[in-house]
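Coordinates as given in final.tsv (TSV, C-alpha atoms):
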chain	number	residue	atom	x	y	z
A	144	MET	CA	-53.45	138.87	142.28
A	145	ILE	CA	-53.44	138.10	138.55
A	146	ASP	CA	-54.28	134.60	137.42
A	147	CYS	CA	-51.09	132.84	136.25
A	148	THR	CA	-52.89	131.27	133.29
A	149	ILE	CA	-53.74	134.73	132.01
A	150	VAL	CA	-50.22	135.93	132.68
A	151	ARG	CA	-48.78	133.09	130.67
A	152	GLU	CA	-50.82	134.19	127.68
A	153	GLU	CA	-49.69	137.78	128.16
A	154	LEU	CA	-46.06	136.80	128.52
A	155	LEU	CA	-46.10	135.41	125.00
A	156	ASP	CA	-46.22	138.86	123.46
A	157	ALA	CA	-44.98	141.03	126.33
A	158	ALA	CA	-42.19	143.56	125.87
A	159	PRO	CA	-38.75	142.56	127.15
A	160	ASP	CA	-38.84	145.07	130.02
A	161	GLU	CA	-42.07	143.48	131.22
A	162	LEU	CA	-40.47	140.06	131.09
A	163	ALA	CA	-37.59	141.48	133.09
A	164	GLY	CA	-40.06	142.79	135.66
A	165	VAL	CA	-38.85	146.38	135.37
A	166	ALA	CA	-41.75	147.96	133.49
A	167	PRO	CA	-44.33	149.93	135.51
A	168	THR	CA	-47.11	147.50	134.73
A	169	ALA	CA	-49.15	144.95	136.65
A	170	LEU	CA	-47.73	142.21	134.47
A	171	ALA	CA	-44.15	143.16	135.31
A	172	THR	CA	-44.98	143.30	139.01
A	173	HIS	CA	-46.53	139.87	138.86
A	174	VAL	CA	-43.53	138.47	136.99
A	175	ARG	CA	-41.22	139.88	139.63
A	176	ASP	CA	-43.15	138.32	142.50
A	177	CYS	CA	-44.59	135.07	141.15
A	178	PRO	CA	-42.44	131.94	141.65
A	179	ARG	CA	-44.08	130.23	138.67
A	180	CYS	CA	-44.33	133.02	136.09
A	181	GLY	CA	-40.97	134.59	136.96
A	182	PRO	CA	-38.87	131.62	135.76
A	183	LEU	CA	-40.93	131.38	132.58
A	184	ALA	CA	-40.37	135.06	131.80
A	185	ARG	CA	-36.65	134.72	132.54
A	186	MET	CA	-36.46	131.72	130.26
A	187	PHE	CA	-38.01	133.71	127.43
A	188	LEU	CA	-35.54	136.50	128.03
A	189	ASP	CA	-32.55	134.14	128.24
A	190	ASP	CA	-33.43	132.28	125.06
A	191	GLN	CA	-34.08	135.51	123.21
A	192	ALA	CA	-30.80	136.92	124.47
A	193	ARG	CA	-28.98	133.86	123.17
A	194	LEU	CA	-30.72	134.23	119.84
A	195	GLY	CA	-29.67	137.88	119.76
A	196	ALA	CA	-26.11	136.99	120.69
A	197	ALA	CA	-25.98	134.41	117.93
A	198	LEU	CA	-27.28	136.90	115.38
A	199	ALA	CA	-24.75	139.48	116.55
A	200	LEU	CA	-22.01	136.96	115.84
A	201	VAL	CA	-23.00	136.82	112.18
A	202	GLN	CA	-20.81	139.53	110.72
A	203	PRO	CA	-20.04	140.60	107.16
A	204	ARG	CA	-17.40	138.35	105.65
A	205	ILE	CA	-15.66	141.29	104.05
A	206	SER	CA	-14.01	143.81	106.37
A	207	ALA	CA	-15.08	147.44	106.38
A	208	ALA	CA	-11.72	148.53	104.97
A	209	ALA	CA	-11.93	146.04	102.13
A	210	ALA	CA	-15.56	146.94	101.40
A	211	ALA	CA	-14.72	150.63	101.20
A	212	GLY	CA	-11.67	149.89	99.07
A	213	GLU	CA	-13.78	147.88	96.67
A	214	VAL	CA	-16.27	150.71	96.24
A	215	LEU	CA	-13.60	153.38	95.90
A	216	GLY	CA	-11.64	151.22	93.45
A	217	SER	CA	-14.57	150.52	91.18
A	218	GLU	CA	-15.93	154.05	91.28
A	219	ALA	CA	-12.64	155.87	90.81
A	220	ILE	CA	-12.60	154.79	87.17
A	221	ALA	CA	-16.26	154.33	86.41
A	222	LEU	CA	-17.98	157.30	87.99
A	223	PRO	CA	-17.07	160.69	89.30
A	224	LEU	CA	-18.80	161.71	92.52
A	225	ARG	CA	-22.34	162.83	91.81
A	226	GLU	CA	-22.72	166.57	92.04
A	227	THR	CA	-25.56	168.33	93.75
A	228	ARG	CA	-27.85	170.55	91.69
A	229	ARG	CA	-26.20	173.65	93.16
A	230	GLU	CA	-22.73	172.40	92.31
A	231	ARG	CA	-23.83	171.68	88.74
A	232	PHE	CA	-25.24	175.21	88.42
A	233	VAL	CA	-22.07	176.80	89.82
A	234	ARG	CA	-19.94	174.82	87.38
A	235	PHE	CA	-22.26	175.73	84.47
A	236	ALA	CA	-22.25	179.42	85.45
A	237	ALA	CA	-18.48	179.47	85.85
A	238	THR	CA	-18.10	178.19	82.29
A	239	VAL	CA	-20.90	179.95	80.44
A	240	PHE	CA	-21.04	183.39	82.03
A	241	PRO	CA	-17.45	184.44	81.18
A	242	MET	CA	-17.92	183.15	77.63
A	243	ALA	CA	-21.15	185.09	77.23
A	244	ALA	CA	-19.51	188.22	78.62
A	245	ALA	CA	-16.55	187.82	76.26
A	246	ALA	CA	-18.87	187.36	73.28
A	247	ALA	CA	-20.85	190.48	74.24
A	248	LEU	CA	-17.63	192.47	74.60
A	249	ALA	CA	-16.37	191.24	71.22
A	250	ALA	CA	-19.67	192.15	69.57
A	251	TYR	CA	-19.51	195.58	71.09
A	252	LEU	CA	-15.97	196.13	69.93
A	253	VAL	CA	-16.75	195.03	66.36
A	254	TYR	CA	-20.17	196.56	65.84
A	255	GLY	CA	-20.47	199.03	68.67
A	256	ASP	CA	-19.39	202.11	66.66
A	257	ARG	CA	-21.78	201.62	63.72
A	258	ALA	CA	-24.79	203.94	63.54
A	259	PRO	CA	-28.19	202.25	63.50
A	260	VAL	CA	-29.91	202.01	60.11
A	261	PRO	CA	-33.02	204.24	60.07
A	262	TYR	CA	-36.29	202.67	58.95
A	263	SER	CA	-37.82	203.77	55.65
A	264	ALA	CA	-40.11	202.20	53.11
A	265	GLY	CA	-37.16	201.94	50.78
A	266	ASN	CA	-35.59	199.39	53.07
A	267	ILE	CA	-38.07	196.77	51.91
A	268	ASP	CA	-36.71	195.13	48.81
A	269	GLU	CA	-39.94	193.77	47.37
A	270	PRO	CA	-43.55	194.91	47.54
A	271	ALA	CA	-45.98	192.95	49.68
A	272	HIS	CA	-47.59	190.02	47.89
A	273	VAL	CA	-51.19	190.37	46.82
A	274	VAL	CA	-53.60	187.82	48.28
A	275	ARG	CA	-56.66	186.74	46.29
A	276	ILE	CA	-59.61	184.54	47.28
A	277	THR	CA	-60.13	182.11	44.46
A	278	ALA	CA	-62.87	179.84	45.83
A	279	MET	CA	-66.45	181.02	46.00
A	280	PRO	CA	-67.97	181.67	49.42
A	281	GLY	CA	-70.50	179.12	50.57
A	282	THR	CA	-68.57	175.99	49.65
A	283	GLY	CA	-66.96	175.58	53.04
A	284	THR	CA	-63.50	175.99	51.58
A	285	ILE	CA	-61.39	179.02	50.89
A	286	VAL	CA	-58.22	178.96	48.89
A	287	LEU	CA	-56.05	182.00	49.22
A	288	ASN	CA	-53.59	182.38	46.39
A	289	THR	CA	-50.80	184.83	46.88
A	290	SER	CA	-48.69	186.49	44.28
A	291	ASP	CA	-45.91	184.21	45.41
A	292	PRO	CA	-46.56	180.93	43.50
A	293	ASP	CA	-44.95	178.93	46.30
A	294	ILE	CA	-47.40	180.14	48.95
A	295	THR	CA	-51.08	179.11	48.99
A	296	PHE	CA	-53.37	179.11	51.99
A	297	ALA	CA	-56.33	176.74	52.23
A	298	TRP	CA	-59.07	177.04	54.87
A	299	ILE	CA	-61.48	174.18	55.28
A	300	GLY	CA	-64.36	174.63	57.65
A	301	LYS	CA	-68.03	175.34	58.01
A	302	GLU	CA	-70.07	176.91	55.26
A	303	ILE	CA	-69.07	180.50	54.82
A	304	VAL	CA	-71.74	183.09	54.39
A	305	PRO	CA	-70.30	186.47	53.43
B	63	MET	CA	-33.31	147.60	132.45
B	64	PHE	CA	-33.48	145.52	129.31
B	65	GLU	CA	-30.83	146.62	126.84
B	66	PRO	CA	-31.16	146.00	123.12
B	67	MET	CA	-28.26	144.18	121.49
B	68	MET	CA	-27.43	147.11	119.24
B	69	GLN	CA	-27.92	150.81	119.74
B	70	ALA	CA	-30.28	152.31	117.22
B	71	THR	CA	-29.25	155.81	118.26
B	72	SER	CA	-25.90	155.40	116.59
B	73	LEU	CA	-27.67	156.20	113.36
B	74	THR	CA	-29.76	159.10	114.58
B	75	SER	CA	-28.94	162.21	112.63
B	76	SER	CA	-30.04	164.61	115.36
B	77	ASP	CA	-27.47	163.76	118.05
B	78	ALA	CA	-23.74	164.45	118.25
B	79	ASP	CA	-23.02	161.19	116.52
B	80	GLY	CA	-25.32	162.29	113.74
B	81	SER	CA	-23.39	165.54	113.36
B	82	ALA	CA	-20.16	163.61	113.06
B	83	THR	CA	-21.77	161.43	110.42
B	84	ALA	CA	-23.01	164.49	108.53
B	85	ALA	CA	-19.49	165.93	108.60
B	86	LEU	CA	-18.13	162.66	107.23
B	87	VAL	CA	-20.71	162.69	104.43
B	88	ILE	CA	-19.70	166.22	103.45
B	89	ARG	CA	-16.02	165.32	103.44
B	90	ALA	CA	-16.63	162.11	101.51
B	91	SER	CA	-18.77	163.87	98.92
B	92	SER	CA	-15.93	166.32	98.38
B	93	GLY	CA	-13.77	163.38	97.37
B	94	ASP	CA	-12.08	162.49	100.67
B	95	PRO	CA	-11.62	158.69	100.52
B	96	GLU	CA	-10.67	158.47	104.20
B	97	ALA	CA	-14.02	159.99	105.17
B	98	PHE	CA	-15.80	157.41	103.05
B	99	ARG	CA	-13.82	154.63	104.72
B	100	LEU	CA	-14.90	155.92	108.11
B	101	LEU	CA	-18.52	156.03	106.94
B	102	VAL	CA	-18.29	152.42	105.83
B	103	ARG	CA	-16.76	151.43	109.14
B	104	ARG	CA	-19.63	153.16	110.90
B	105	PHE	CA	-22.50	151.66	108.90
B	106	GLN	CA	-21.36	148.39	107.35
B	107	GLU	CA	-22.41	146.13	110.22
B	108	THR	CA	-25.77	147.82	110.59
B	109	ILE	CA	-26.49	147.55	106.88
B	110	PHE	CA	-25.42	143.91	106.96
B	111	ARG	CA	-27.69	143.20	109.91
B	112	TRP	CA	-30.64	144.82	108.16
B	113	ALA	CA	-29.88	142.89	105.00
B	114	LEU	CA	-29.64	139.64	106.96
B	115	GLY	CA	-32.99	140.39	108.57
B	116	THR	CA	-34.61	140.81	105.18
B	117	THR	CA	-32.86	138.13	103.12
B	118	GLY	CA	-32.31	135.56	105.86
B	119	ASP	CA	-29.14	134.56	104.05
B	120	ARG	CA	-25.60	135.42	105.01
B	121	ASP	CA	-24.17	135.46	101.49
B	122	ASP	CA	-27.04	137.54	100.17
B	123	ALA	CA	-26.61	139.93	103.09
B	124	ASP	CA	-22.96	140.37	102.11
B	125	ASP	CA	-23.94	141.15	98.51
B	126	VAL	CA	-26.66	143.55	99.57
B	127	THR	CA	-24.28	145.36	101.93
B	128	GLN	CA	-21.77	145.90	99.15
B	129	GLN	CA	-24.45	147.15	96.76
B	130	VAL	CA	-25.78	149.56	99.37
B	131	LEU	CA	-22.31	150.94	100.08
B	132	LEU	CA	-21.93	151.58	96.37
B	133	LYS	CA	-25.26	153.42	96.36
B	134	VAL	CA	-24.20	155.44	99.37
B	135	TYR	CA	-21.06	156.50	97.52
B	136	ARG	CA	-23.01	157.46	94.42
B	137	HIS	CA	-25.53	159.48	96.41
B	138	LEU	CA	-23.14	161.28	98.73
B	139	GLY	CA	-23.92	164.55	96.99
B	140	ALA	CA	-27.62	164.21	97.78
B	141	LEU	CA	-27.02	162.93	101.31
B	142	ARG	CA	-24.91	165.95	102.23
B	143	ASP	CA	-28.02	168.09	102.11
B	144	GLY	CA	-28.93	166.45	105.44
B	145	GLY	CA	-32.25	164.79	106.12
B	146	HIS	CA	-32.96	161.34	107.35
B	147	LEU	CA	-29.84	159.36	106.64
B	148	ARG	CA	-30.91	156.44	108.78
B	149	THR	CA	-34.28	156.15	107.08
B	150	TRP	CA	-32.66	156.52	103.68
B	151	LEU	CA	-30.07	153.85	104.44
B	152	PHE	CA	-32.65	151.47	105.80
B	153	ARG	CA	-34.95	151.86	102.82
B	154	VAL	CA	-32.15	151.43	100.33
B	155	THR	CA	-30.97	148.32	102.17
B	156	HIS	CA	-34.45	146.92	102.46
B	157	ASN	CA	-35.29	147.52	98.81
B	158	THR	CA	-31.97	146.18	97.59
B	159	ALA	CA	-32.46	143.08	99.72
B	160	LEU	CA	-36.00	142.55	98.46
B	161	GLU	CA	-34.83	142.99	94.88
B	162	LEU	CA	-32.09	140.40	95.36
B	163	HIS	CA	-34.55	138.12	97.10
B	164	ARG	CA	-36.87	138.31	94.08
B	165	THR	CA	-34.05	137.72	91.64
B	166	ARG	CA	-32.42	134.78	93.37
B	167	GLY	CA	-35.26	133.29	95.32
B	168	ARG	CA	-34.91	132.26	98.89
B	169	ARG	CA	-31.91	130.12	99.68
B	170	THR	CA	-32.70	128.20	102.79
B	171	ALA	CA	-29.75	125.88	102.62
B	172	ALA	CA	-27.40	128.62	103.72
B	173	LEU	CA	-29.15	128.77	107.05
B	174	ASP	CA	-28.23	125.30	108.09
B	175	ARG	CA	-26.51	125.47	111.40
B	176	GLU	CA	-23.15	124.59	109.90
B	177	LEU	CA	-23.38	127.43	107.41
B	178	LEU	CA	-24.95	130.24	109.36
B	179	LEU	CA	-22.30	130.30	112.07
B	180	THR	CA	-18.72	129.31	111.46
B	181	PRO	CA	-17.19	126.83	113.93
B	182	GLY	CA	-15.37	129.73	115.58
B	183	GLU	CA	-18.57	131.68	116.01
B	184	ARG	CA	-20.34	128.63	117.43
B	185	LEU	CA	-17.52	128.23	119.91
B	186	ALA	CA	-18.15	131.77	121.06
B	187	LEU	CA	-21.70	130.76	121.93
B	188	GLU	CA	-20.77	127.40	123.41
B	189	PRO	CA	-19.56	128.41	126.89
B	190	VAL	CA	-23.15	128.27	128.14
B	191	ASP	CA	-23.49	124.56	127.44
B	192	THR	CA	-24.13	122.22	124.57
B	193	ILE	CA	-27.85	121.87	125.24
B	194	ASP	CA	-28.29	125.62	125.22
B	195	LEU	CA	-26.29	125.91	122.03
B	196	ASP	CA	-28.40	123.24	120.41
B	197	ARG	CA	-31.55	125.00	121.53
B	198	THR	CA	-30.29	128.33	120.23
B	199	MET	CA	-29.39	126.90	116.84
B	200	THR	CA	-32.83	125.33	116.58
B	201	LEU	CA	-34.35	128.67	117.44
B	202	ILE	CA	-32.25	130.40	114.80
B	203	GLN	CA	-33.45	127.94	112.20
B	204	TYR	CA	-37.01	128.57	113.20
B	205	TYR	CA	-36.36	132.31	113.21
B	206	PHE	CA	-35.14	132.36	109.63
B	207	HIS	CA	-37.09	129.48	108.10
B	208	GLU	CA	-40.54	129.81	109.56
B	209	LEU	CA	-41.07	133.27	110.93
B	210	PRO	CA	-42.62	135.49	108.23
B	211	ASP	CA	-40.10	137.98	106.79
B	212	ARG	CA	-41.87	141.10	107.98
B	213	GLN	CA	-42.35	139.77	111.51
B	214	ARG	CA	-38.72	138.71	111.72
B	215	LEU	CA	-37.50	142.09	110.52
B	216	ILE	CA	-39.66	144.05	112.95
B	217	PHE	CA	-38.80	141.79	115.88
B	218	ASP	CA	-35.10	142.19	115.10
B	219	LEU	CA	-35.37	145.96	114.81
B	220	VAL	CA	-37.28	146.39	118.08
B	221	ASP	CA	-36.07	143.70	120.45
B	222	PHE	CA	-32.48	143.39	119.28
B	223	GLN	CA	-31.61	146.72	117.70
B	224	GLY	CA	-33.58	149.03	119.96
B	225	PHE	CA	-35.70	150.92	117.45
B	226	THR	CA	-39.11	152.12	118.56
B	227	PRO	CA	-42.29	151.10	116.70
B	228	ALA	CA	-42.70	154.76	115.68
B	229	GLU	CA	-39.26	154.80	114.06
B	230	ILE	CA	-39.93	151.52	112.30
B	231	ALA	CA	-43.27	152.78	111.06
B	232	GLU	CA	-41.41	155.62	109.38
B	233	MET	CA	-38.63	153.43	108.06
B	234	LEU	CA	-40.98	150.84	106.60
B	235	ASP	CA	-43.60	153.38	105.62
B	236	MET	CA	-46.40	151.63	107.50
B	237	GLU	CA	-48.81	152.40	110.31
B	238	GLN	CA	-47.54	152.08	113.87
B	239	VAL	CA	-50.41	149.77	114.71
B	240	THR	CA	-49.24	147.41	111.96
B	241	VAL	CA	-45.72	147.45	113.35
B	242	ARG	CA	-47.01	146.62	116.83
B	243	ALA	CA	-49.24	143.85	115.52
B	244	ASN	CA	-46.34	142.25	113.66
B	245	LEU	CA	-44.11	142.61	116.71
B	246	CYS	CA	-46.64	140.86	118.96
B	247	LYS	CA	-47.08	138.05	116.45
B	248	ALA	CA	-43.33	137.57	116.17
B	249	ARG	CA	-42.77	137.53	119.94
B	250	ARG	CA	-45.62	135.09	120.40
B	251	ALA	CA	-44.34	132.80	117.64
B	252	ILE	CA	-40.78	132.79	118.95
B	253	ARG	CA	-41.80	132.22	122.56
B	254	THR	CA	-44.23	129.48	121.60
B	255	ARG	CA	-41.31	127.84	119.85
B	256	ILE	CA	-39.16	128.30	122.95
B	257	LEU	CA	-41.84	126.67	125.08
B	258	ARG	CA	-41.60	123.52	122.97
B	259	ASP	CA	-38.08	123.04	124.33
B	260	HIS	CA	-39.14	123.53	127.94
B	261	PRO	CA	-42.04	121.18	128.63
B	262	GLU	CA	-41.24	121.19	132.34
B	263	LEU	CA	-42.11	124.88	132.60
B	264	VAL	CA	-45.29	124.52	130.61
B	265	GLU	CA	-46.45	121.77	132.94
B	266	THR	CA	-46.05	123.94	136.01
B	267	LEU	CA	-48.48	126.42	134.54
B	268	GLN	CA	-51.21	123.92	133.76
Using structure tokens, write down the structure from this file.
Amino acid sequence: MIDCTIVREELLDAAPDELAGVAPTALATHVRDCPRCGPLARMFLDDQARLGAALALVQPRISAAAAAGEVLGSEAIALPLRETRRERFVRFAATVFPMAAAAALAAYLVYGDRAPVPYSAGNIDEPAHVVRITAMPGTGTIVLNTSDPDITFAWIGKEIVP
Amino acid sequence: MFEPMMQATSLTSSDADGSATAALVIRASSGDPEAFRLLVRRFQETIFRWALGTTGDRDDADDVTQQVLLKVYRHLGALRDGGHLRTWLFRVTHNTALELHRTRGRRTAALDRELLLTPGERLALEPVDTIDLDRTMTLIQYYFHELPDRQRLIFDLVDFQGFTPAEIAEMLDMEQVTVRANLCKARRAIRTRILRDHPELVETLQ
């Protein structure tokens, strides 16, 4: 037989099915049989049930239909439904792929019958620019002047030993 | 057998009900407004209850519910891929409620007995008797005013809504042992408060 004083302590944080005496535990068995602990457990259950019933009575003030209508109304103008990544890709592909195919076809029709231009040295309009090193080695700096006055390379680094 | 006040399984995505919900999500995300209305009808009360558990304020719970429904609508495309709708909904509700809580601060006045339950709702409780009603209202005030938020939420989810500690651990992203510890503390606090209204029973145990 369990001591009722101990049971009282255990009842304070027992699960509801133990309070109801239906759990397969020693505590539940004691609650079911004890004339002192049984009423206490039932009182806990009853008061908790009333609390639960009261909380269940607290309902949203706006009906489900009105709540849905409010969302649908505000979103119909402001936002389209968000697409998934796959849907976005399908929409992108459906737009871009036909355009790309059409552009390729057009390019083929316009340029497709022209013979390729063979490579020869004569294709190059100007001779390659001459590059000269103007700074002396050993100063840590190299300035490379090219024959093009607009292009100059400068290299700054460690001391250079040729 | 003890029955929770609400059935947590109504939100489980693995059962038949969950399949119906998934079908509604797909239809709604394709632009079917009727499907969205059905989704709202299915989840509004649950979202509200969760929001009430976190905010402890009826008006705030209404605002949170509406914000969450808007988020549901905006994320239908992502939700149609399946997954844990219940967990997603709970987290969104919880975070939205916490955010609102931070912004507005806690409004305790709204939990006065006259404001929490309308006269009609109190009448629905009254058939028991006036003393019981009075006791219940006192308990409600204690429940919302003095019980720590986390304990109240976990107690509500387990003892009234029928979730298991494992499910709550996932929903709140915490260890199961923490959930159980909070649950025990909440039960103990509530029952200790109940005992204060029943001195005759306490005496029989001494």
Discussion item. For a quick check of understanding, using only C-alpha atoms, which of B:Gly93, B:Gly139, B:Pro210, B:Gly115 has the smallest distance to Ala199 in chain A?
Written reply: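 Checking each of B:Gly93, B:Gly139, B:Pro210, B:Gly115 against Ala199 in chain A, counting only C-alpha atoms, the winner is B:Gly115.
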Practice prompt. Provide the CA of Leu141 in chain B to CA of Ser81 in chain B distance in Å, to one decimal place.
Written response: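 These atoms are spaced 12.9 Å apart.
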Worksheet item: Could you state the separation of CA of Leu198 in chain A and CA of Arg104 in chain B in Å, given to one decimal place?
Response: 18.5 Å
Item to complete: Specify as a PyMOL selection string all residues of chain A found within 8 Å of chain B, counting all atoms listed in the file.
Response: chain A and resi 147-148+151+155-157+159-160+163+165+179-180+183+187+190+193-197+199-205+207-208+210-212+214-215+224-227
Worksheet item: Could you state the separation of CA of Thr83 in chain B and CA of Trp150 in chain B in Å, given to one decimal place?
Response: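 According to the coordinates, CA of Thr83 in chain B and CA of Trp150 in chain B are separated by 13.7 Å.
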Response to the item:
For Phe225 in chain B, the closest of B:Asp94, B:Arg153, B:Ala159, B:Val241 counting all atoms listed in the file is B:Val241
Worksheet item: Of the candidates A:His173, A:Pro178, A:Arg257, A:Gly164, which one gets nearest to Ile149 in chain A if we count all atoms listed in the file?
Response: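 Closest candidate: A:His173.
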Place N, CA and C atoms on range 241-253 of chain B and deliver the coordinates as a CSV table (one decimal), in the frame of the given file.
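Below is the file out-v1.csv, written as the result:
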chain,number,residue,atom,x,y,z
B,241,VAL,N,-47.0,147.8,112.8
B,241,VAL,CA,-45.7,147.4,113.4
B,241,VAL,C,-45.9,146.7,114.7
B,242,ARG,N,-46.8,147.3,115.5
B,242,ARG,CA,-47.0,146.6,116.8
B,242,ARG,C,-47.7,145.2,116.7
B,243,ALA,N,-48.6,145.1,115.7
B,243,ALA,CA,-49.2,143.8,115.5
B,243,ALA,C,-48.2,142.8,115.1
B,244,ASN,N,-47.4,143.2,114.1
B,244,ASN,CA,-46.3,142.2,113.7
B,244,ASN,C,-45.4,141.9,114.8
B,245,LEU,N,-45.0,142.9,115.6
B,245,LEU,CA,-44.1,142.6,116.7
B,245,LEU,C,-44.7,141.6,117.7
B,246,CYS,N,-46.0,141.8,118.0
B,246,CYS,CA,-46.6,140.9,119.0
B,246,CYS,C,-46.7,139.5,118.4
B,247,LYS,N,-47.0,139.4,117.1
B,247,LYS,CA,-47.1,138.0,116.4
B,247,LYS,C,-45.7,137.4,116.5
B,248,ALA,N,-44.7,138.1,116.2
B,248,ALA,CA,-43.3,137.6,116.2
B,248,ALA,C,-42.9,137.1,117.6
B,249,ARG,N,-43.2,137.9,118.6
B,249,ARG,CA,-42.8,137.5,119.9
B,249,ARG,C,-43.5,136.3,120.3
B,250,ARG,N,-44.8,136.2,120.0
B,250,ARG,CA,-45.6,135.1,120.4
B,250,ARG,C,-45.1,133.8,119.7
B,251,ALA,N,-44.8,134.0,118.4
B,251,ALA,CA,-44.3,132.8,117.6
B,251,ALA,C,-43.0,132.3,118.2
B,252,ILE,N,-42.1,133.2,118.5
B,252,ILE,CA,-40.8,132.8,119.0
B,252,ILE,C,-40.9,132.1,120.3
B,253,ARG,N,-41.7,132.8,121.2
B,253,ARG,CA,-41.8,132.2,122.6
B,253,ARG,C,-42.6,130.9,122.6
